[in-house]
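Novice: Structure in structure tokens, see below.
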Amino acid sequence: MGTLATAATLGTGLVWLATGSDRAGRRLVDVATSEEEDGSLVAVMMLTRGGDRAVPLLERAARGGEPDLATVLLGIGSDQAGEALGSLARSDDPAVARAGAAALHQLERARDRPG
């Protein structure tokens with residue numbers, strides 16, 4: 001991904017953070033799951049920064065064939081993200097269930113650490 005495309009992803013993220021636009025949020029999820037490392041990193045950062053606003057987008061995408069997005073929910077780390085991970089862990093789709101359970105386990109371990 002070139003500099004312009006990365007800048008466009010950053011712009012999309014800023015629009016999403018400011019407005020909550022579902023279209024911008026879905027675009028961030030699309031870029032987050034792309035093969036383009038720079039754009040994917042920027043999209044994940046923006047989704048993580050969005051916190052609970054991103055949870056429904058990420059949960060839908062994880063259930064829709066992108067189970068690796070459970071790690072972004074882990075990065076958010078909120079109670080709402082934890083609930084979404086629990087829901088993913090109970091999925092009938094084995095890949096989604098594994099990803100959700102693994103991320104939920106990591107979240108619970110992080111919460112149990114003193115500090």
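Numbering starts fresh at 1 for the residues of each chain in the structure tokens, the chains themselves are lettered A, B, ... in the order given, and ligands are numbered from 1 as they appear.
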Would you pick out the contacts of region 52-66 of chain A at 9 Å or less, using only C-alpha atoms, so that residues sharing its chain but fewer than 2 positions from it are not included, and give the list as a count of residues only?
Specialist: 32
Novice: Name the residues in contact with Ala101 (chain A) at a cut-off of 7 Å, using only C-alpha atoms, excluding same-chain residues fewer than 4 positions from it; report them as a PyMOL selection string.
Specialist: chain A and resi 85-86+89+97+105
Novice: Can I get the selection written as a short mmCIF file (atom, residue, chain, number, x, y, z; two decimals), in the first residue's frame, with N, CA and C atoms?
Specialist:
data_model
loop_
_atom_site.label_atom_id
_atom_site.label_comp_id
_atom_site.auth_asym_id
_atom_site.auth_seq_id
_atom_site.Cartn_x
_atom_site.Cartn_y
_atom_site.Cartn_z
N LEU A 85 -16.07 -11.41 22.77
CA LEU A 85 -15.15 -12.55 22.68
C LEU A 85 -15.81 -13.82 23.25
N GLY A 86 -16.53 -13.67 24.34
CA GLY A 86 -17.25 -14.82 24.90
C GLY A 86 -18.27 -15.37 23.93
N ALA A 89 -16.47 -17.19 21.23
CA ALA A 89 -15.96 -18.47 21.74
C ALA A 89 -17.03 -19.55 21.73
N ALA A 97 -14.77 -19.94 16.98
CA ALA A 97 -14.76 -20.34 18.39
C ALA A 97 -13.34 -20.39 18.94
N HIS A 105 -9.19 -15.84 26.57
CA HIS A 105 -8.23 -16.35 27.56
C HIS A 105 -7.13 -15.32 27.81
#
Novice: Check region 30-115 of chain A with DSSP on the backbone and list each residue it calls helix (DSSP H, G or I), as a PyMOL selection string.
Specialist: chain A and resi 30-32+37-63+67-76+79-89+94-112
Novice: So that I can see what lies close to Ala43 (chain A), please list as an MDAnalysis selection string the residues with an atom at most 8 Å from it, counting only C-alpha atoms and leaving out residues fewer than 3 positions away in the same chain.
Specialist: chainID A and resid 9:10 13 28:29 31:32 39:40 46:47
Novice: From the list A:Val44, A:Ala5, A:Leu14, A:Leu107, which residue is nearest Leu74 (chain A) when using only C-alpha atoms?
Specialist: A:Leu107
